[in-house]
$ cat work.cif   # mmCIF, N, CA and C atoms
data_protein
#
loop_
_atom_site.label_atom_id
_atom_site.label_comp_id
_atom_site.auth_asym_id
_atom_site.auth_seq_id
_atom_site.Cartn_x
_atom_site.Cartn_y
_atom_site.Cartn_z
N MET A 1191 -15.59 12.58 -12.37
CA MET A 1191 -15.30 12.08 -13.70
C MET A 1191 -16.49 12.35 -14.62
N GLU A 1192 -16.20 12.84 -15.78
CA GLU A 1192 -17.26 13.22 -16.69
C GLU A 1192 -17.97 12.03 -17.31
N ASN A 1193 -17.24 11.03 -17.74
CA ASN A 1193 -17.88 9.93 -18.45
C ASN A 1193 -18.26 8.76 -17.54
N GLY A 1194 -19.16 9.03 -16.62
CA GLY A 1194 -19.71 7.97 -15.78
C GLY A 1194 -18.84 7.58 -14.60
N ALA A 1195 -18.73 6.27 -14.38
CA ALA A 1195 -18.07 5.74 -13.18
C ALA A 1195 -16.56 6.01 -13.21
N PRO A 1196 -15.99 6.26 -12.02
CA PRO A 1196 -14.54 6.45 -11.95
C PRO A 1196 -13.83 5.15 -12.30
N LYS A 1197 -12.63 5.28 -12.81
CA LYS A 1197 -11.81 4.13 -13.21
C LYS A 1197 -11.50 3.24 -12.01
N THR A 1198 -11.59 1.94 -12.20
CA THR A 1198 -11.23 1.00 -11.14
C THR A 1198 -9.71 0.97 -11.02
N LEU A 1199 -9.25 1.05 -9.79
CA LEU A 1199 -7.81 1.01 -9.51
C LEU A 1199 -7.47 -0.30 -8.82
N LYS A 1200 -6.29 -0.82 -9.10
CA LYS A 1200 -5.86 -2.09 -8.52
C LYS A 1200 -5.03 -1.83 -7.26
N LEU A 1201 -5.36 -2.56 -6.19
CA LEU A 1201 -4.70 -2.42 -4.89
C LEU A 1201 -3.94 -3.70 -4.56
N MET A 1202 -2.67 -3.53 -4.16
CA MET A 1202 -1.87 -4.64 -3.66
C MET A 1202 -1.55 -4.36 -2.19
N ILE A 1203 -1.70 -5.37 -1.35
CA ILE A 1203 -1.47 -5.23 0.09
C ILE A 1203 -0.18 -5.97 0.45
N VAL A 1204 0.74 -5.27 1.10
CA VAL A 1204 2.02 -5.89 1.48
C VAL A 1204 2.21 -5.77 2.99
N ASP A 1205 2.22 -6.91 3.66
CA ASP A 1205 2.43 -6.93 5.12
C ASP A 1205 2.81 -8.35 5.51
N ASP A 1206 3.76 -8.50 6.43
CA ASP A 1206 4.15 -9.86 6.83
C ASP A 1206 3.11 -10.50 7.75
N SER A 1207 2.14 -9.72 8.21
CA SER A 1207 1.08 -10.28 9.07
C SER A 1207 -0.16 -10.60 8.23
N ASN A 1208 -0.52 -11.88 8.23
CA ASN A 1208 -1.71 -12.33 7.52
C ASN A 1208 -2.95 -11.62 8.07
N ILE A 1209 -2.98 -11.39 9.38
CA ILE A 1209 -4.11 -10.73 10.04
C ILE A 1209 -4.27 -9.31 9.48
N ILE A 1210 -3.17 -8.58 9.37
CA ILE A 1210 -3.23 -7.20 8.86
C ILE A 1210 -3.62 -7.21 7.38
N ARG A 1211 -3.07 -8.13 6.60
CA ARG A 1211 -3.43 -8.19 5.17
C ARG A 1211 -4.92 -8.40 5.01
N ARG A 1212 -5.48 -9.36 5.76
CA ARG A 1212 -6.93 -9.62 5.67
C ARG A 1212 -7.73 -8.43 6.17
N ARG A 1213 -7.25 -7.79 7.22
CA ARG A 1213 -7.96 -6.65 7.79
C ARG A 1213 -8.04 -5.50 6.78
N ILE A 1214 -6.93 -5.20 6.12
CA ILE A 1214 -6.94 -4.12 5.13
C ILE A 1214 -7.89 -4.48 3.99
N GLU A 1215 -7.84 -5.71 3.54
CA GLU A 1215 -8.72 -6.15 2.45
C GLU A 1215 -10.18 -6.01 2.84
N ARG A 1216 -10.51 -6.43 4.06
CA ARG A 1216 -11.89 -6.37 4.58
C ARG A 1216 -12.34 -4.94 4.85
N SER A 1217 -11.42 -4.13 5.37
CA SER A 1217 -11.78 -2.80 5.87
C SER A 1217 -11.90 -1.73 4.79
N GLN A 1218 -11.14 -1.88 3.73
CA GLN A 1218 -11.17 -0.81 2.74
C GLN A 1218 -12.54 -0.81 2.05
N GLN A 1219 -13.16 0.35 2.02
CA GLN A 1219 -14.53 0.45 1.49
C GLN A 1219 -14.62 1.38 0.29
N ILE A 1220 -13.55 1.49 -0.45
CA ILE A 1220 -13.55 2.38 -1.59
C ILE A 1220 -13.93 1.56 -2.82
N ALA A 1221 -15.09 1.89 -3.39
CA ALA A 1221 -15.68 1.08 -4.46
C ALA A 1221 -14.74 0.91 -5.65
N ARG A 1222 -13.97 1.96 -5.95
CA ARG A 1222 -13.14 1.84 -7.16
C ARG A 1222 -11.79 1.15 -6.93
N LEU A 1223 -11.56 0.67 -5.69
CA LEU A 1223 -10.33 -0.07 -5.41
C LEU A 1223 -10.61 -1.56 -5.40
N GLN A 1224 -9.88 -2.29 -6.21
CA GLN A 1224 -10.05 -3.74 -6.28
C GLN A 1224 -8.73 -4.39 -5.88
N VAL A 1225 -8.77 -5.28 -4.87
CA VAL A 1225 -7.56 -5.96 -4.41
C VAL A 1225 -7.14 -6.98 -5.46
N VAL A 1226 -5.89 -6.85 -5.95
CA VAL A 1226 -5.38 -7.78 -6.97
C VAL A 1226 -4.33 -8.74 -6.41
N GLY A 1227 -3.93 -8.52 -5.16
CA GLY A 1227 -2.95 -9.44 -4.58
C GLY A 1227 -2.46 -8.97 -3.24
N ALA A 1228 -1.82 -9.90 -2.53
CA ALA A 1228 -1.24 -9.61 -1.23
C ALA A 1228 0.09 -10.34 -1.13
N ALA A 1229 1.07 -9.66 -0.53
CA ALA A 1229 2.41 -10.23 -0.39
C ALA A 1229 2.84 -10.13 1.06
N SER A 1230 3.68 -11.11 1.50
CA SER A 1230 4.09 -11.12 2.90
C SER A 1230 5.50 -10.59 3.12
N ASN A 1231 6.20 -10.21 2.03
CA ASN A 1231 7.51 -9.57 2.19
C ASN A 1231 7.82 -8.78 0.92
N GLY A 1232 8.87 -7.99 0.97
CA GLY A 1232 9.21 -7.12 -0.14
C GLY A 1232 9.55 -7.84 -1.42
N ARG A 1233 10.26 -8.96 -1.30
CA ARG A 1233 10.64 -9.71 -2.50
C ARG A 1233 9.40 -10.24 -3.24
N GLU A 1234 8.49 -10.81 -2.44
CA GLU A 1234 7.22 -11.30 -2.98
C GLU A 1234 6.44 -10.15 -3.62
N ALA A 1235 6.47 -8.99 -2.96
CA ALA A 1235 5.75 -7.82 -3.43
C ALA A 1235 6.24 -7.36 -4.80
N VAL A 1236 7.55 -7.36 -5.00
CA VAL A 1236 8.12 -6.93 -6.29
C VAL A 1236 7.67 -7.89 -7.40
N ASP A 1237 7.71 -9.20 -7.14
CA ASP A 1237 7.26 -10.19 -8.13
C ASP A 1237 5.78 -10.01 -8.45
N LEU A 1238 4.97 -9.86 -7.40
CA LEU A 1238 3.52 -9.70 -7.57
C LEU A 1238 3.21 -8.38 -8.29
N PHE A 1239 3.96 -7.35 -7.97
CA PHE A 1239 3.79 -6.04 -8.60
C PHE A 1239 4.00 -6.15 -10.12
N ARG A 1240 5.05 -6.86 -10.50
CA ARG A 1240 5.34 -7.04 -11.94
C ARG A 1240 4.20 -7.77 -12.64
N ARG A 1241 3.60 -8.75 -11.96
CA ARG A 1241 2.52 -9.55 -12.58
C ARG A 1241 1.18 -8.82 -12.61
N THR A 1242 0.86 -8.08 -11.53
CA THR A 1242 -0.50 -7.51 -11.41
C THR A 1242 -0.59 -6.03 -11.75
N GLN A 1243 0.56 -5.32 -11.78
CA GLN A 1243 0.59 -3.89 -12.12
C GLN A 1243 -0.42 -3.05 -11.33
N PRO A 1244 -0.38 -3.10 -9.99
CA PRO A 1244 -1.35 -2.31 -9.22
C PRO A 1244 -1.07 -0.81 -9.32
N ASN A 1245 -2.13 -0.01 -9.10
CA ASN A 1245 -2.00 1.45 -9.09
C ASN A 1245 -1.72 1.94 -7.67
N VAL A 1246 -2.19 1.15 -6.68
CA VAL A 1246 -2.11 1.55 -5.27
C VAL A 1246 -1.54 0.38 -4.47
N VAL A 1247 -0.66 0.70 -3.50
CA VAL A 1247 -0.06 -0.34 -2.66
C VAL A 1247 -0.10 0.12 -1.21
N THR A 1248 -0.52 -0.78 -0.30
CA THR A 1248 -0.31 -0.52 1.13
C THR A 1248 0.93 -1.31 1.50
N MET A 1249 1.85 -0.66 2.23
CA MET A 1249 3.19 -1.24 2.45
C MET A 1249 3.58 -1.21 3.93
N ASP A 1250 3.81 -2.39 4.48
CA ASP A 1250 4.39 -2.48 5.82
C ASP A 1250 5.89 -2.18 5.68
N LEU A 1251 6.54 -1.78 6.75
CA LEU A 1251 7.97 -1.48 6.67
C LEU A 1251 8.83 -2.61 7.22
N THR A 1252 8.41 -3.23 8.31
CA THR A 1252 9.23 -4.26 8.94
C THR A 1252 8.81 -5.64 8.44
N MET A 1253 9.60 -6.18 7.51
CA MET A 1253 9.28 -7.49 6.93
C MET A 1253 10.57 -8.26 6.67
N PRO A 1254 10.47 -9.60 6.62
CA PRO A 1254 11.65 -10.39 6.29
C PRO A 1254 12.01 -10.27 4.81
N GLU A 1255 13.21 -10.69 4.48
CA GLU A 1255 13.74 -10.76 3.10
C GLU A 1255 14.02 -9.41 2.45
N MET A 1256 13.03 -8.53 2.38
CA MET A 1256 13.25 -7.17 1.89
C MET A 1256 12.30 -6.27 2.65
N ASP A 1257 12.83 -5.25 3.33
CA ASP A 1257 11.95 -4.41 4.13
C ASP A 1257 11.16 -3.44 3.24
N GLY A 1258 10.21 -2.77 3.87
CA GLY A 1258 9.30 -1.89 3.14
C GLY A 1258 9.97 -0.70 2.49
N ILE A 1259 10.99 -0.13 3.15
CA ILE A 1259 11.68 1.04 2.59
C ILE A 1259 12.34 0.65 1.26
N GLU A 1260 13.06 -0.46 1.27
CA GLU A 1260 13.73 -0.93 0.05
C GLU A 1260 12.69 -1.28 -1.02
N CYS A 1261 11.61 -1.91 -0.59
CA CYS A 1261 10.55 -2.32 -1.52
C CYS A 1261 9.89 -1.10 -2.17
N VAL A 1262 9.63 -0.05 -1.40
CA VAL A 1262 9.05 1.18 -1.95
C VAL A 1262 9.93 1.67 -3.11
N GLY A 1263 11.24 1.72 -2.86
CA GLY A 1263 12.18 2.16 -3.89
C GLY A 1263 12.10 1.31 -5.15
N GLU A 1264 12.01 -0.02 -4.97
CA GLU A 1264 11.92 -0.95 -6.10
C GLU A 1264 10.63 -0.73 -6.90
N LEU A 1265 9.50 -0.59 -6.18
CA LEU A 1265 8.21 -0.44 -6.87
C LEU A 1265 8.15 0.88 -7.64
N VAL A 1266 8.66 1.95 -7.03
CA VAL A 1266 8.66 3.26 -7.69
C VAL A 1266 9.56 3.22 -8.93
N ALA A 1267 10.66 2.45 -8.85
CA ALA A 1267 11.55 2.30 -10.01
C ALA A 1267 10.81 1.59 -11.16
N LEU A 1268 9.94 0.63 -10.81
CA LEU A 1268 9.17 -0.11 -11.82
C LEU A 1268 8.04 0.74 -12.40
N ASN A 1269 7.40 1.55 -11.54
CA ASN A 1269 6.30 2.41 -11.98
C ASN A 1269 6.26 3.67 -11.14
N PRO A 1270 6.84 4.76 -11.64
CA PRO A 1270 6.92 6.01 -10.87
C PRO A 1270 5.57 6.60 -10.47
N SER A 1271 4.48 6.19 -11.14
CA SER A 1271 3.18 6.79 -10.80
C SER A 1271 2.40 5.97 -9.78
N VAL A 1272 2.98 4.86 -9.27
CA VAL A 1272 2.27 4.06 -8.27
C VAL A 1272 2.07 4.89 -7.00
N LEU A 1273 0.91 4.71 -6.36
CA LEU A 1273 0.61 5.40 -5.10
C LEU A 1273 0.84 4.41 -3.97
N ILE A 1274 1.70 4.78 -3.03
CA ILE A 1274 2.05 3.87 -1.93
C ILE A 1274 1.70 4.48 -0.58
N LEU A 1275 0.87 3.74 0.16
CA LEU A 1275 0.53 4.13 1.52
C LEU A 1275 1.28 3.21 2.47
N VAL A 1276 2.22 3.78 3.22
CA VAL A 1276 2.95 2.99 4.20
C VAL A 1276 2.04 2.79 5.42
N VAL A 1277 1.89 1.54 5.85
CA VAL A 1277 1.08 1.21 7.01
C VAL A 1277 2.02 0.50 7.99
N SER A 1278 2.42 1.21 9.05
CA SER A 1278 3.46 0.66 9.91
C SER A 1278 3.30 1.07 11.37
N ALA A 1279 3.81 0.21 12.24
CA ALA A 1279 3.86 0.53 13.67
C ALA A 1279 5.07 1.40 13.97
N LEU A 1280 6.00 1.47 13.04
CA LEU A 1280 7.18 2.33 13.22
C LEU A 1280 6.77 3.77 12.97
N ALA A 1281 6.44 4.46 14.04
CA ALA A 1281 5.87 5.80 13.89
C ALA A 1281 6.93 6.90 13.98
N ASP A 1282 8.20 6.52 14.12
CA ASP A 1282 9.18 7.60 14.26
C ASP A 1282 9.32 8.36 12.94
N LYS A 1283 9.56 9.64 13.10
CA LYS A 1283 9.57 10.56 11.96
C LYS A 1283 10.62 10.20 10.91
N ALA A 1284 11.78 9.78 11.34
CA ALA A 1284 12.87 9.47 10.41
C ALA A 1284 12.47 8.36 9.44
N THR A 1285 11.78 7.34 9.95
CA THR A 1285 11.35 6.23 9.11
C THR A 1285 10.32 6.69 8.10
N ALA A 1286 9.37 7.50 8.56
CA ALA A 1286 8.34 8.03 7.65
C ALA A 1286 8.99 8.87 6.56
N VAL A 1287 9.91 9.72 6.94
CA VAL A 1287 10.61 10.58 5.98
C VAL A 1287 11.38 9.73 4.97
N ASP A 1288 12.05 8.68 5.48
CA ASP A 1288 12.78 7.74 4.63
C ASP A 1288 11.87 7.16 3.55
N ALA A 1289 10.70 6.69 3.98
CA ALA A 1289 9.74 6.06 3.05
C ALA A 1289 9.25 7.08 2.02
N ILE A 1290 8.96 8.29 2.47
CA ILE A 1290 8.47 9.35 1.57
C ILE A 1290 9.58 9.71 0.56
N GLU A 1291 10.80 9.80 1.05
CA GLU A 1291 11.93 10.13 0.15
C GLU A 1291 12.12 9.06 -0.92
N LYS A 1292 11.81 7.80 -0.57
CA LYS A 1292 11.95 6.70 -1.53
C LYS A 1292 10.79 6.69 -2.53
N GLY A 1293 9.71 7.45 -2.21
CA GLY A 1293 8.60 7.54 -3.16
C GLY A 1293 7.23 7.20 -2.61
N ALA A 1294 7.13 6.90 -1.31
CA ALA A 1294 5.81 6.65 -0.73
C ALA A 1294 5.02 7.96 -0.72
N ASN A 1295 3.68 7.83 -0.75
CA ASN A 1295 2.82 9.01 -0.84
C ASN A 1295 2.11 9.35 0.46
N GLY A 1296 2.06 8.39 1.38
CA GLY A 1296 1.36 8.64 2.63
C GLY A 1296 1.81 7.67 3.70
N PHE A 1297 1.40 7.93 4.95
CA PHE A 1297 1.83 7.11 6.08
C PHE A 1297 0.66 6.94 7.03
N LEU A 1298 0.38 5.71 7.41
CA LEU A 1298 -0.68 5.40 8.38
C LEU A 1298 -0.06 4.55 9.48
N CYS A 1299 -0.25 4.96 10.73
CA CYS A 1299 0.34 4.22 11.86
C CYS A 1299 -0.57 3.09 12.32
N LYS A 1300 0.06 1.96 12.65
CA LYS A 1300 -0.64 0.85 13.30
C LYS A 1300 -0.61 1.12 14.79
N PRO A 1301 -1.62 0.75 15.54
CA PRO A 1301 -2.89 0.22 15.06
C PRO A 1301 -3.73 1.33 14.43
N PHE A 1302 -4.61 0.97 13.50
CA PHE A 1302 -5.45 1.95 12.83
C PHE A 1302 -6.90 1.46 12.86
N SER A 1303 -7.82 2.40 12.75
CA SER A 1303 -9.24 2.04 12.67
C SER A 1303 -9.62 1.93 11.20
N ASP A 1304 -10.76 1.31 10.92
CA ASP A 1304 -11.24 1.22 9.54
C ASP A 1304 -11.38 2.62 8.94
N ARG A 1305 -11.90 3.53 9.75
CA ARG A 1305 -12.10 4.90 9.27
C ARG A 1305 -10.77 5.55 8.89
N GLN A 1306 -9.75 5.36 9.74
CA GLN A 1306 -8.43 5.94 9.45
C GLN A 1306 -7.85 5.36 8.16
N LEU A 1307 -8.03 4.05 7.97
CA LEU A 1307 -7.53 3.40 6.75
C LEU A 1307 -8.22 3.99 5.52
N ASN A 1308 -9.54 4.09 5.57
CA ASN A 1308 -10.28 4.59 4.41
C ASN A 1308 -9.99 6.06 4.14
N GLU A 1309 -9.84 6.84 5.20
CA GLU A 1309 -9.48 8.26 5.02
C GLU A 1309 -8.10 8.39 4.38
N ALA A 1310 -7.16 7.58 4.83
CA ALA A 1310 -5.79 7.64 4.27
C ALA A 1310 -5.81 7.22 2.80
N LEU A 1311 -6.58 6.19 2.47
CA LEU A 1311 -6.67 5.74 1.07
C LEU A 1311 -7.35 6.80 0.20
N GLU A 1312 -8.44 7.39 0.73
CA GLU A 1312 -9.15 8.45 -0.02
C GLU A 1312 -8.19 9.61 -0.32
N GLU A 1313 -7.43 9.99 0.69
CA GLU A 1313 -6.49 11.10 0.54
C GLU A 1313 -5.45 10.76 -0.54
N LEU A 1314 -4.97 9.53 -0.51
CA LEU A 1314 -4.01 9.06 -1.49
C LEU A 1314 -4.61 9.12 -2.90
N LEU A 1315 -5.85 8.66 -3.02
CA LEU A 1315 -6.50 8.62 -4.33
C LEU A 1315 -6.84 10.01 -4.85
N SER A 1316 -6.99 10.96 -3.95
CA SER A 1316 -7.27 12.32 -4.40
C SER A 1316 -6.08 12.90 -5.15
N GLU A 1317 -4.91 12.30 -4.95
CA GLU A 1317 -3.70 12.73 -5.67
C GLU A 1317 -3.63 12.09 -7.06
N ALA A 1318 -4.41 11.03 -7.25
CA ALA A 1318 -4.35 10.28 -8.53
C ALA A 1318 -4.99 11.06 -9.67
#
$ encode --input "work.cif" --output "structure tokens"
Amino acid sequence: MENGAPKTLKLMIVDDSNIIRRRIERSQQIARLQVVGAASNGREAVDLFRRTQPNVVTMDLTMPEMDGIECVGELVALNPSVLILVVSALADKATAVDAIEKGANGFLCKPFSDRQLNEALEELLSEA
């Protein structure tokens, strides 16, 4: 970036596991990413998304009330330029393709290391 520091981007974490939500928040080491909220299901995520307007979202797929695939579609409908990294234990190709077709930008399999998380986020941000 020419004019000094890169723009701060807002990150929302969506996962039904409190442990995973805290882990992503703790593990991400990208200075320009600021966590603006965390949701435990897709419905909560859509409400929080409307309030906080994040640029980047980490999205679990298997959640109660509204799953991640449906939620990805909803968030992209609200803001087509949002960057979504799916973080899921569902590693089968069909699910990943489904999420990408709905508008997700990347896929990270659970379990993941801090390094894998940060590399996946960096890659996502390089598209921004």
$ closest_residue --input "work.cif" --among "A:Ile1210, A:Ala1279, A:Met1256, A:Leu1273" --to "A:Pro1301" --atoms "all atoms listed in the file"
A:Ala1279
$ residues_near_point --input "work.cif" --point "(-1.5, 3.4, 8.4)" --cutoff "5 Å" --atoms "only N, CA and C atoms" --output "ChimeraX atom specification"
/A:1276-1278,1297-1300
$ closest_atom_pairs --input "work.cif" --of "stretch 1259-1294 of chain A" --to "stretch 1221-1232 of chain A" --cutoff "10 Å" --atoms "only C-alpha atoms" --output "Markdown table"
| residue | atom | partner | partner_atom | distance |
| --- | --- | --- | --- | --- |
| A:Ile1259 | CA | A:Gly1232 | CA | 9.0 |
| A:Glu1260 | CA | A:Gly1232 | CA | 7.7 |
| A:Cys1261 | CA | A:Gly1232 | CA | 5.2 |
| A:Val1262 | CA | A:Gly1232 | CA | 8.5 |
| A:Glu1264 | CA | A:Gly1232 | CA | 9.0 |
| A:Leu1265 | CA | A:Gly1232 | CA | 9.5 |
$ residues_around --input "work.cif" --residues "A:Pro1244" --least-positions-apart "6" --cutoff "7 Å" --atoms "all atoms listed in the file" --output "NGL selection string"
:A and (1199-1202 or 1238 or 1272-1273)
$ write_last_selection --input "work.cif" --atoms "N, CA and C atoms" --output "PDB file, in the frame of the given file"
ATOM      1  N   LEU A1199      -9.250   1.050  -9.790  1.00  0.00           N
ATOM      2  CA  LEU A1199      -7.810   1.010  -9.510  1.00  0.00           C
ATOM      3  C   LEU A1199      -7.470  -0.300  -8.820  1.00  0.00           C
ATOM      4  N   LYS A1200      -6.290  -0.820  -9.100  1.00  0.00           N
ATOM      5  CA  LYS A1200      -5.860  -2.090  -8.520  1.00  0.00           C
ATOM      6  C   LYS A1200      -5.030  -1.830  -7.260  1.00  0.00           C
ATOM      7  N   LEU A1201      -5.360  -2.560  -6.190  1.00  0.00           N
ATOM      8  CA  LEU A1201      -4.700  -2.420  -4.890  1.00  0.00           C
ATOM      9  C   LEU A1201      -3.940  -3.700  -4.560  1.00  0.00           C
ATOM     10  N   MET A1202      -2.670  -3.530  -4.160  1.00  0.00           N
ATOM     11  CA  MET A1202      -1.870  -4.640  -3.660  1.00  0.00           C
ATOM     12  C   MET A1202      -1.550  -4.360  -2.190  1.00  0.00           C
ATOM     13  N   LEU A1238       4.970  -9.860  -7.400  1.00  0.00           N
ATOM     14  CA  LEU A1238       3.520  -9.700  -7.570  1.00  0.00           C
ATOM     15  C   LEU A1238       3.210  -8.380  -8.290  1.00  0.00           C
ATOM     16  N   VAL A1272       2.980   4.860  -9.270  1.00  0.00           N
ATOM     17  CA  VAL A1272       2.270   4.060  -8.270  1.00  0.00           C
ATOM     18  C   VAL A1272       2.070   4.890  -7.000  1.00  0.00           C
ATOM     19  N   LEU A1273       0.910   4.710  -6.360  1.00  0.00           N
ATOM     20  CA  LEU A1273       0.610   5.400  -5.100  1.00  0.00           C
ATOM     21  C   LEU A1273       0.840   4.410  -3.970  1.00  0.00           C
TER      22      LEU A1273
END
$ select_by_dssp --input "work.cif" --residues "chain A" --states "helix (DSSP H, G or I)" --output "PyMOL selection string"
chain A and resi 1208-1217+1232-1242+1258-1268+1283-1292+1304-1316
$ closest_residue --input "work.cif" --among "A:Val1204, A:Arg1211, A:Arg1216, A:Gly1263" --to "A:Glu1234" --atoms "only C-alpha atoms"
A:Val1204
